[in-house]
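*Asks:* Coordinates in protein-v4.cif, mmCIF, C-alpha atoms and all ligand atoms, are listed below.
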data_final
loop_
_atom_site.label_atom_id
_atom_site.label_comp_id
_atom_site.auth_asym_id
_atom_site.auth_seq_id
_atom_site.Cartn_x
_atom_site.Cartn_y
_atom_site.Cartn_z
CA MET A 1 32.05 4.07 -1.70
CA LEU A 2 28.75 3.61 0.13
CA ARG A 3 28.12 7.33 -0.09
CA ARG A 4 28.18 7.09 -3.87
CA VAL A 5 25.55 4.35 -4.19
CA CYS A 6 23.24 4.74 -1.16
CA SER A 7 21.13 7.73 -0.20
CA PRO A 8 20.89 8.48 3.56
CA SER A 9 17.29 7.30 3.57
CA LEU A 10 18.31 3.99 2.02
CA LEU A 11 20.95 3.54 4.71
CA ASN A 12 18.30 4.32 7.33
CA GLN A 13 16.02 1.68 5.83
CA VAL A 14 18.75 -0.96 5.92
CA ALA A 15 19.65 -0.02 9.50
CA TYR A 16 16.01 -0.19 10.49
CA GLY A 17 15.73 -3.57 8.77
CA LEU A 18 18.68 -4.97 10.67
CA ASN A 19 17.26 -3.73 13.99
CA PHE A 20 13.86 -5.17 13.17
CA VAL A 21 15.38 -8.53 12.20
CA LYS A 22 17.38 -8.58 15.44
CA ALA A 23 14.24 -7.83 17.44
CA VAL A 24 12.21 -10.65 15.90
CA SER A 25 14.92 -13.27 15.42
CA THR A 26 13.93 -15.06 18.64
CA GLU A 27 10.61 -15.81 16.98
CA VAL A 28 12.44 -17.73 14.24
CA LEU A 29 14.38 -19.82 16.70
CA ASN A 30 11.45 -20.58 18.97
CA PRO A 31 10.37 -24.24 18.42
CA ALA A 32 6.94 -23.39 19.77
CA ASP A 33 6.33 -21.31 16.67
CA ALA A 34 3.32 -22.89 15.00
CA GLY A 35 4.09 -21.26 11.65
CA ILE A 36 5.78 -22.15 8.41
CA LEU A 37 9.01 -23.40 9.93
CA SER A 38 7.39 -25.95 12.19
CA LYS A 39 5.15 -27.40 9.46
CA ALA A 40 6.36 -30.45 7.59
CA ARG A 41 5.60 -28.86 4.24
CA SER A 42 8.05 -26.62 2.42
CA PRO A 43 6.32 -24.13 0.15
CA THR A 44 7.65 -23.05 -3.24
CA ILE A 45 7.93 -19.28 -3.45
CA ASN A 46 8.18 -17.10 -6.56
CA PHE A 47 8.43 -13.32 -6.41
CA VAL A 48 6.93 -10.99 -9.03
CA LEU A 49 8.41 -7.50 -9.19
CA GLY A 50 8.02 -4.43 -11.39
CA GLY A 51 6.94 -0.82 -11.23
CA PRO A 52 3.45 0.53 -10.60
CA GLY A 53 0.85 -0.50 -13.18
CA VAL A 54 3.28 -2.61 -15.20
CA GLY A 55 0.83 -5.55 -15.24
CA LYS A 56 1.99 -7.81 -12.38
CA GLY A 57 -1.50 -8.54 -11.07
CA THR A 58 -2.89 -9.14 -14.57
CA GLN A 59 -0.21 -11.69 -15.44
CA CYS A 60 -0.07 -13.30 -11.99
CA THR A 61 -3.78 -14.10 -12.16
CA ARG A 62 -3.27 -15.93 -15.47
CA VAL A 63 -0.11 -17.72 -14.36
CA ALA A 64 -1.74 -18.82 -11.11
CA GLU A 65 -4.81 -20.19 -12.91
CA THR A 66 -2.80 -21.92 -15.64
CA TYR A 67 -0.01 -23.38 -13.54
CA GLY A 68 -1.75 -23.93 -10.18
CA PHE A 69 -0.20 -21.32 -7.91
CA THR A 70 -1.74 -19.55 -4.97
CA TYR A 71 -1.56 -15.89 -5.91
CA LEU A 72 -0.71 -13.45 -3.12
CA SER A 73 -0.58 -9.73 -3.83
CA VAL A 74 0.96 -8.04 -0.81
CA GLY A 75 -0.74 -4.80 -1.88
CA ASP A 76 -4.09 -6.65 -1.72
CA LEU A 77 -3.23 -8.01 1.76
CA LEU A 78 -2.56 -4.44 2.89
CA ARG A 79 -5.76 -3.12 1.30
CA LYS A 80 -7.72 -5.90 3.07
CA GLU A 81 -6.20 -4.79 6.34
CA ILE A 82 -7.54 -1.27 5.65
CA SER A 83 -11.04 -2.38 4.61
CA SER A 84 -11.40 -4.73 7.57
CA ASN A 85 -10.33 -1.95 9.99
CA GLY A 86 -7.36 -4.05 11.04
CA GLU A 87 -4.86 -3.07 13.69
CA TYR A 88 -2.57 -1.32 11.17
CA GLY A 89 -5.29 -0.03 8.82
CA ASP A 90 -4.83 3.71 9.39
CA MET A 91 -1.05 3.59 9.09
CA ILE A 92 -1.28 1.45 5.92
CA LEU A 93 -3.81 3.79 4.30
CA GLU A 94 -1.58 6.78 4.98
CA THR A 95 1.49 4.99 3.60
CA ILE A 96 -0.24 3.74 0.44
CA THR A 97 -1.80 7.16 -0.20
CA LYS A 98 1.69 8.70 -0.10
CA GLY A 99 3.17 5.98 -2.33
CA LYS A 100 5.69 4.91 0.34
CA ILE A 101 6.59 1.43 1.63
CA VAL A 102 4.82 -0.08 4.64
CA SER A 103 7.21 -1.35 7.32
CA SER A 104 8.45 -4.93 7.02
CA GLU A 105 7.11 -5.66 10.47
CA VAL A 106 3.58 -5.41 9.08
CA THR A 107 4.03 -6.84 5.58
CA VAL A 108 6.05 -9.88 6.62
CA LYS A 109 3.54 -10.68 9.35
CA LEU A 110 0.63 -10.49 6.88
CA LEU A 111 2.55 -12.46 4.27
CA LYS A 112 3.58 -15.20 6.70
CA SER A 113 0.01 -15.67 7.82
CA ALA A 114 -1.24 -15.77 4.19
CA ILE A 115 1.36 -18.40 3.25
CA GLU A 116 0.39 -20.50 6.25
CA SER A 117 -3.25 -20.50 5.20
CA GLY A 118 -2.55 -20.82 1.45
CA GLU A 119 -4.70 -23.14 -0.66
CA THR A 120 -1.71 -24.71 -2.36
CA ASN A 121 1.93 -25.09 -1.50
CA ARG A 122 3.13 -23.06 -4.49
CA PHE A 123 2.99 -19.28 -4.28
CA LEU A 124 3.26 -16.34 -6.63
CA ILE A 125 3.99 -13.32 -4.46
CA ASP A 126 3.28 -10.03 -6.21
CA GLY A 127 4.91 -6.73 -5.25
CA PHE A 128 7.26 -7.97 -2.54
CA PRO A 129 10.07 -7.63 -1.47
CA ARG A 130 9.95 -3.96 -2.33
CA SER A 131 13.19 -2.95 -0.64
CA GLU A 132 16.36 -4.51 0.70
CA GLU A 133 14.89 -4.01 4.17
CA ASN A 134 11.83 -6.09 3.13
CA ARG A 135 14.10 -8.78 1.70
CA LEU A 136 16.23 -9.07 4.84
CA ALA A 137 13.15 -9.27 7.07
CA TYR A 138 11.62 -11.92 4.80
CA GLU A 139 14.82 -13.98 4.90
CA GLN A 140 14.94 -13.86 8.68
CA ILE A 141 11.26 -14.46 9.42
CA ILE A 142 10.09 -16.68 6.54
CA GLY A 143 13.40 -17.69 5.06
CA ILE A 144 12.20 -19.68 2.04
CA GLU A 145 14.49 -18.97 -0.89
CA PRO A 146 12.48 -17.97 -4.00
CA GLU A 147 12.79 -20.31 -6.99
CA VAL A 148 11.99 -17.69 -9.59
CA VAL A 149 11.95 -13.90 -9.45
CA LEU A 150 10.09 -12.22 -12.31
CA PHE A 151 10.81 -8.62 -13.19
CA PHE A 152 8.32 -6.93 -15.50
CA ASP A 153 10.22 -4.21 -17.31
CA CYS A 154 8.50 -1.23 -18.88
CA ASN A 155 9.07 2.49 -19.41
CA GLU A 156 7.63 5.01 -16.97
CA VAL A 157 5.34 6.72 -19.49
CA GLU A 158 3.56 3.43 -20.21
CA MET A 159 3.34 2.53 -16.49
CA MET A 160 1.79 5.93 -15.71
CA LYS A 161 -0.68 5.46 -18.59
CA ARG A 162 -1.73 2.03 -17.33
CA VAL A 163 -2.19 3.26 -13.75
CA LEU A 164 -4.32 6.22 -14.87
CA HIS A 165 -6.50 3.97 -17.04
CA ARG A 166 -7.13 1.53 -14.19
CA THR A 167 -10.67 1.77 -12.88
CA GLN A 168 -10.45 0.03 -9.50
CA GLY A 169 -10.84 3.21 -7.43
CA ARG A 170 -7.45 2.80 -5.74
CA VAL A 171 -6.34 5.76 -3.58
CA ASP A 172 -2.89 5.62 -5.19
CA ASP A 173 -4.05 5.71 -8.81
CA ASN A 174 -3.32 9.38 -9.41
CA ILE A 175 -0.44 11.31 -10.99
CA ASP A 176 1.28 12.54 -7.80
CA THR A 177 1.23 9.23 -5.93
CA THR A 178 2.33 7.35 -9.03
CA LYS A 179 5.28 9.72 -9.53
CA GLU A 180 6.33 8.95 -5.95
CA ARG A 181 5.80 5.19 -6.45
CA LEU A 182 8.04 5.34 -9.53
CA ARG A 183 10.70 7.16 -7.49
CA VAL A 184 10.39 4.65 -4.65
CA PHE A 185 10.58 1.77 -7.13
CA GLU A 186 13.82 3.06 -8.58
CA ALA A 187 15.42 3.87 -5.22
CA TYR A 188 14.32 0.85 -3.18
CA SER A 189 13.07 -1.95 -5.45
CA LEU A 190 15.76 -1.88 -8.16
CA PRO A 191 18.43 -2.91 -5.61
CA VAL A 192 16.33 -6.01 -4.80
CA ILE A 193 16.06 -6.78 -8.51
CA ARG A 194 19.83 -6.39 -8.89
CA TYR A 195 20.35 -8.71 -5.92
CA TYR A 196 18.30 -11.52 -7.46
CA SER A 197 19.91 -10.93 -10.85
CA GLN A 198 23.32 -11.49 -9.27
CA LYS A 199 21.99 -14.70 -7.69
CA GLY A 200 20.90 -15.94 -11.15
CA LYS A 201 17.22 -16.08 -10.15
CA LEU A 202 15.90 -13.14 -12.15
CA HIS A 203 13.76 -13.47 -15.28
CA LYS A 204 13.41 -10.07 -16.92
CA ILE A 205 10.22 -9.87 -18.95
CA ASN A 206 9.52 -7.23 -21.55
CA ALA A 207 6.15 -5.89 -20.34
CA ILE A 208 5.38 -3.93 -23.51
CA GLY A 209 2.81 -5.63 -25.69
CA THR A 210 -0.62 -7.12 -25.32
CA GLU A 211 -1.57 -9.15 -22.25
CA ASP A 212 -1.53 -12.29 -24.43
CA GLU A 213 1.93 -11.54 -25.81
CA ILE A 214 3.34 -11.03 -22.31
CA PHE A 215 1.74 -14.20 -21.03
CA GLU A 216 3.41 -16.15 -23.89
CA ARG A 217 6.77 -14.79 -22.69
CA LEU A 218 6.09 -16.35 -19.28
CA ARG A 219 5.13 -19.83 -20.47
CA PRO A 220 8.69 -21.16 -20.91
CA ILE A 221 9.47 -20.26 -17.28
CA PHE A 222 6.55 -22.17 -15.77
CA SER A 223 6.00 -24.96 -18.33
CA THR A 224 9.07 -26.93 -17.32
N1 LIG A 301 -0.05 -5.54 -21.44
C1 LIG A 301 -0.89 -4.56 -21.07
N2 LIG A 301 -1.15 -3.54 -21.91
C2 LIG A 301 -1.97 -2.52 -21.54
N3 LIG A 301 -2.59 -2.46 -20.34
C3 LIG A 301 -2.36 -3.46 -19.48
C4 LIG A 301 -1.50 -4.55 -19.78
N4 LIG A 301 -1.47 -5.39 -18.72
C5 LIG A 301 -2.25 -4.84 -17.79
N5 LIG A 301 -2.82 -3.70 -18.24
C6 LIG A 301 -3.71 -2.79 -17.52
O1 LIG A 301 -2.88 -1.91 -16.77
C7 LIG A 301 -3.45 -1.66 -15.49
C8 LIG A 301 -2.46 -2.10 -14.41
O2 LIG A 301 -2.34 -3.50 -14.45
P1 LIG A 301 -2.10 -4.33 -13.10
O3 LIG A 301 -3.10 -3.92 -12.10
O4 LIG A 301 -2.02 -5.76 -13.49
O5 LIG A 301 -0.64 -3.78 -12.72
P2 LIG A 301 0.23 -4.01 -11.43
O6 LIG A 301 1.63 -4.20 -11.88
O7 LIG A 301 -0.36 -5.06 -10.58
O8 LIG A 301 0.10 -2.57 -10.75
P3 LIG A 301 0.26 -2.17 -9.22
O9 LIG A 301 1.69 -2.37 -8.85
O10 LIG A 301 -0.10 -0.71 -9.22
O11 LIG A 301 -0.67 -3.03 -8.43
C9 LIG A 301 -4.78 -2.41 -15.45
O12 LIG A 301 -5.82 -1.54 -15.78
C10 LIG A 301 -4.60 -3.49 -16.53
O13 LIG A 301 -5.85 -3.88 -17.10
O1 LIG A 302 5.20 -5.24 -0.02
C1 LIG A 302 4.49 -4.22 -0.17
C2 LIG A 302 3.44 -4.15 -1.08
C3 LIG A 302 2.71 -3.00 -1.21
N1 LIG A 302 2.99 -1.93 -0.42
C4 LIG A 302 2.18 -0.70 -0.49
O2 LIG A 302 0.97 -0.92 -1.19
C5 LIG A 302 0.92 -0.10 -2.37
C6 LIG A 302 0.24 -0.82 -3.47
O3 LIG A 302 0.93 -2.01 -3.77
P1 LIG A 302 0.66 -2.82 -5.14
O4 LIG A 302 1.66 -3.90 -5.19
O5 LIG A 302 0.87 -1.84 -6.22
O6 LIG A 302 -0.74 -3.29 -5.10
C7 LIG A 302 2.39 0.28 -2.62
O7 LIG A 302 2.57 1.47 -3.34
C8 LIG A 302 2.90 0.44 -1.19
O8 LIG A 302 2.47 1.66 -0.64
C9 LIG A 302 4.00 -2.00 0.48
O9 LIG A 302 4.28 -1.03 1.21
N2 LIG A 302 4.73 -3.13 0.60
MG MG A 303 -1.11 -5.00 -8.63
#
Any chance you could give the structure as structure tokens?
Ligand SMILES: Nc1ncnc2c1ncn2[C@@H]1O[C@H](COP(=O)(O)OP(=O)(O)OP(=O)(O)O)[C@@H](O)[C@H]1O
Ligand SMILES: O=c1ccn([C@@H]2O[C@H](COP(=O)(O)O)[C@@H](O)[C@H]2O)c(=O)[nH]1
Ligand SMILES: [Mg+2]
*Replies:*
Amino acid sequence: MLRRVCSPSLLNQVAYGLNFVKAVSTEVLNPADAGILSKARSPTINFVLGGPGVGKGTQCTRVAETYGFTYLSVGDLLRKEISSNGEYGDMILETITKGKIVSSEVTVKLLKSAIESGETNRFLIDGFPRSEENRLAYEQIIGIEPEVVLFFDCNEVEMMKRVLHRTQGRVDDNIDTTKERLRVFEAYSLPVIRYYSQKGKLHKINAIGTEDEIFERLRPIFST
């Protein structure tokens, strides 16, 4: 049964995730941890998922401004780590250039620290979790159940078009890397989307249309 639905690399990712979670689980249980778990506040988390160039960042910026969220793009956190010559910079640059997924060890650490220093207690987290391995690591290390999971849905031709029209000088905004990102999205991110759909948390948004039209589709979710 597993052989029919999981590629060997997906199984490797899950196995790696479980080992990683086991290795860091003492951190979660340690009362000396000065992080999220030991703070009296309990943040609200919302995840925003969708393929490359679908418009996550564009819409998150508007939602965050309109509804008072702190916007965290995990891709931006990784790019900051590169530009500041951080500890993991070289490895992150190589991974992003290839269109692959950076290990949970790094992303969850960066994300945890960003949540802890967030300006508000309500977060829109863009582009994470990108795989079941990411999700498991997040649950073990941060462990705050998301309230809402948005999934921006769009066809691949339109996503490719949007990426290639973007003018931010990103190393991954080219045809070959985007093809790989689309493949990675289907293989690793769609299972996460299915997971949250089964939990009744997923809001699937049609991402075809103008930016204004898409934003109007989001209002009912955050206006309540
Ligand atoms: N509804 C839309 N119609 C056409 N272009 C759009 C739309 N929304 C965003 N764009 C443009 O598409 C490009 C990608 O948008 P954005 O950066 O928000 O996507 P993203 O989902 O965050 O992508 P990535 O995952 O690669 O970071 C940008 O140039 C943006 O201006
Ligand atoms: O959780 C994450 C988020 C991002 N990455 C890597 O960064 C690039 C760009 O991410 P965007 O969300 O499109 O800005 C992505 O292709 C991955 O290589 C990641 O590994 N994990
Ligand atoms: Mg983005």
*Asks:* Please find the residues contacting ligand LIG 301 (chain A) at a distance of at most 7 Å between atoms, with only C-alpha atoms and all ligand atoms counted, and report them as a PyMOL selection string.
*Replies:* chain A and resi 50-59+75+127+162-163+165-167+207-211+214
*Asks:* Between A:Asp126, A:Ser131, A:Leu202, A:Gly99, which one has atoms that come closest to A:Thr177, using all atoms listed in the file?
*Replies:*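 For A:Thr177, the nearest of the candidates is A:Gly99.
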*Asks:* Taking all atoms listed in the file and a cut-off of 6 Å, can you tell me which residues surround ligand LIG 302 (chain A), written as number ranges by chain?
*Replies:* A: 52, 74-76, 95-96, 99-102, 107, 127-130, 181
*Asks:* Write the residues of the selection above to a file with C-alpha atoms, as a short mmCIF file (atom, residue, chain, number, x, y, z; two decimals), in the frame of the given file.
*Replies:*
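And here's result.cif as it stands now:
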data_model
loop_
_atom_site.label_atom_id
_atom_site.label_comp_id
_atom_site.auth_asym_id
_atom_site.auth_seq_id
_atom_site.Cartn_x
_atom_site.Cartn_y
_atom_site.Cartn_z
CA PRO A 52 3.45 0.53 -10.60
CA VAL A 74 0.96 -8.04 -0.81
CA GLY A 75 -0.74 -4.80 -1.88
CA ASP A 76 -4.09 -6.65 -1.72
CA THR A 95 1.49 4.99 3.60
CA ILE A 96 -0.24 3.74 0.44
CA GLY A 99 3.17 5.98 -2.33
CA LYS A 100 5.69 4.91 0.34
CA ILE A 101 6.59 1.43 1.63
CA VAL A 102 4.82 -0.08 4.64
CA THR A 107 4.03 -6.84 5.58
CA GLY A 127 4.91 -6.73 -5.25
CA PHE A 128 7.26 -7.97 -2.54
CA PRO A 129 10.07 -7.63 -1.47
CA ARG A 130 9.95 -3.96 -2.33
CA ARG A 181 5.80 5.19 -6.45
#
*Asks:* So how many Å separate atom CA of A:Glu213 and atom CA of A:Gly118, to one decimal?
*Replies:*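 Pair atom CA of A:Glu213 / atom CA of A:Gly118 returns 29.1 Å.
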*Asks:* Given all atoms listed in the file as the basis, pick out the residue of A:Leu49, A:Val108, A:Val63, A:Leu124 nearest to A:Gln140.
*Replies:*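 For A:Gln140, the nearest of the given residues is A:Val108.
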*Asks:* For the atom pair atom CA of A:Ala187 and atom CA of A:Ile82, what is the interatomic distance in Å to one decimal place?
*Replies:*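 We find that atom CA of A:Ala187 and atom CA of A:Ile82 lie 25.9 Å from each other.
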*Asks:* What would the list of residues within 7 Å of (10.5, -18.3, -5.7) (file frame) look like as a PyMOL selection string, if only C-alpha atoms are what count?
*Replies:* chain A and resi 44-47+145-149
*Asks:* Please write the residues from the selection above to a file, keeping C-alpha atoms, as a compact mmCIF listing (two decimals), keeping the file's coordinate frame.
*Replies:*
# COMPACT_ATOMS: atom_id res chain seq x y z
CA THR A 44 7.65 -23.05 -3.24
CA ILE A 45 7.93 -19.28 -3.45
CA ASN A 46 8.18 -17.10 -6.56
CA PHE A 47 8.43 -13.32 -6.41
CA GLU A 145 14.49 -18.97 -0.89
CA PRO A 146 12.48 -17.97 -4.00
CA GLU A 147 12.79 -20.31 -6.99
CA VAL A 148 11.99 -17.69 -9.59
CA VAL A 149 11.95 -13.90 -9.45
*Asks:* Do you have the atom CA of A:Glu156-atom MG of ligand MG 303 (chain A) distance handy?
*Replies:*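 Here the two named atoms are 15.7 Å from each other.
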*Asks:* Restricting the calculation to all atoms listed in the file: of A:Tyr88, A:Arg183, A:Tyr67, A:Glu81, which residue gets closest to A:Ile221?
*Replies:*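 Ranked by minimum distance to A:Ile221, first place goes to A:Tyr67.
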*Asks:* Could you pull out every residue with an atom within 10 Å of (13.2, -10.6, -22.5), file coordinates, counting all atoms listed in the file, and send them as a ChimeraX atom specification?
*Replies:* /A:151-153,203-207,214,217-218
*Asks:* Here is a test: counting all atoms listed in the file, which residue of A:Val171, A:Leu182, A:Ile142, A:Leu110 is nearest to A:Ser42?
*Replies:*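 When distances to A:Ser42 are compared using all atoms listed in the file, the smallest one comes from A:Ile142.
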*Asks:* Nearest to ligand MG 303 (chain A) among A:Ser83, A:Asn121, A:Thr61, A:Thr224, with distances taken over all atoms listed in the file: which residue is it?
*Replies:* A:Thr61
*Asks:* Which residue out of A:Glu105, A:Glu116, A:Asp173, A:Glu158 has the minimum interatomic distance to ligand MG 303 (chain A) when only C-alpha atoms and all ligand atoms are used?
*Replies:*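 Closest to ligand MG 303 (chain A) of all the choices is A:Asp173.
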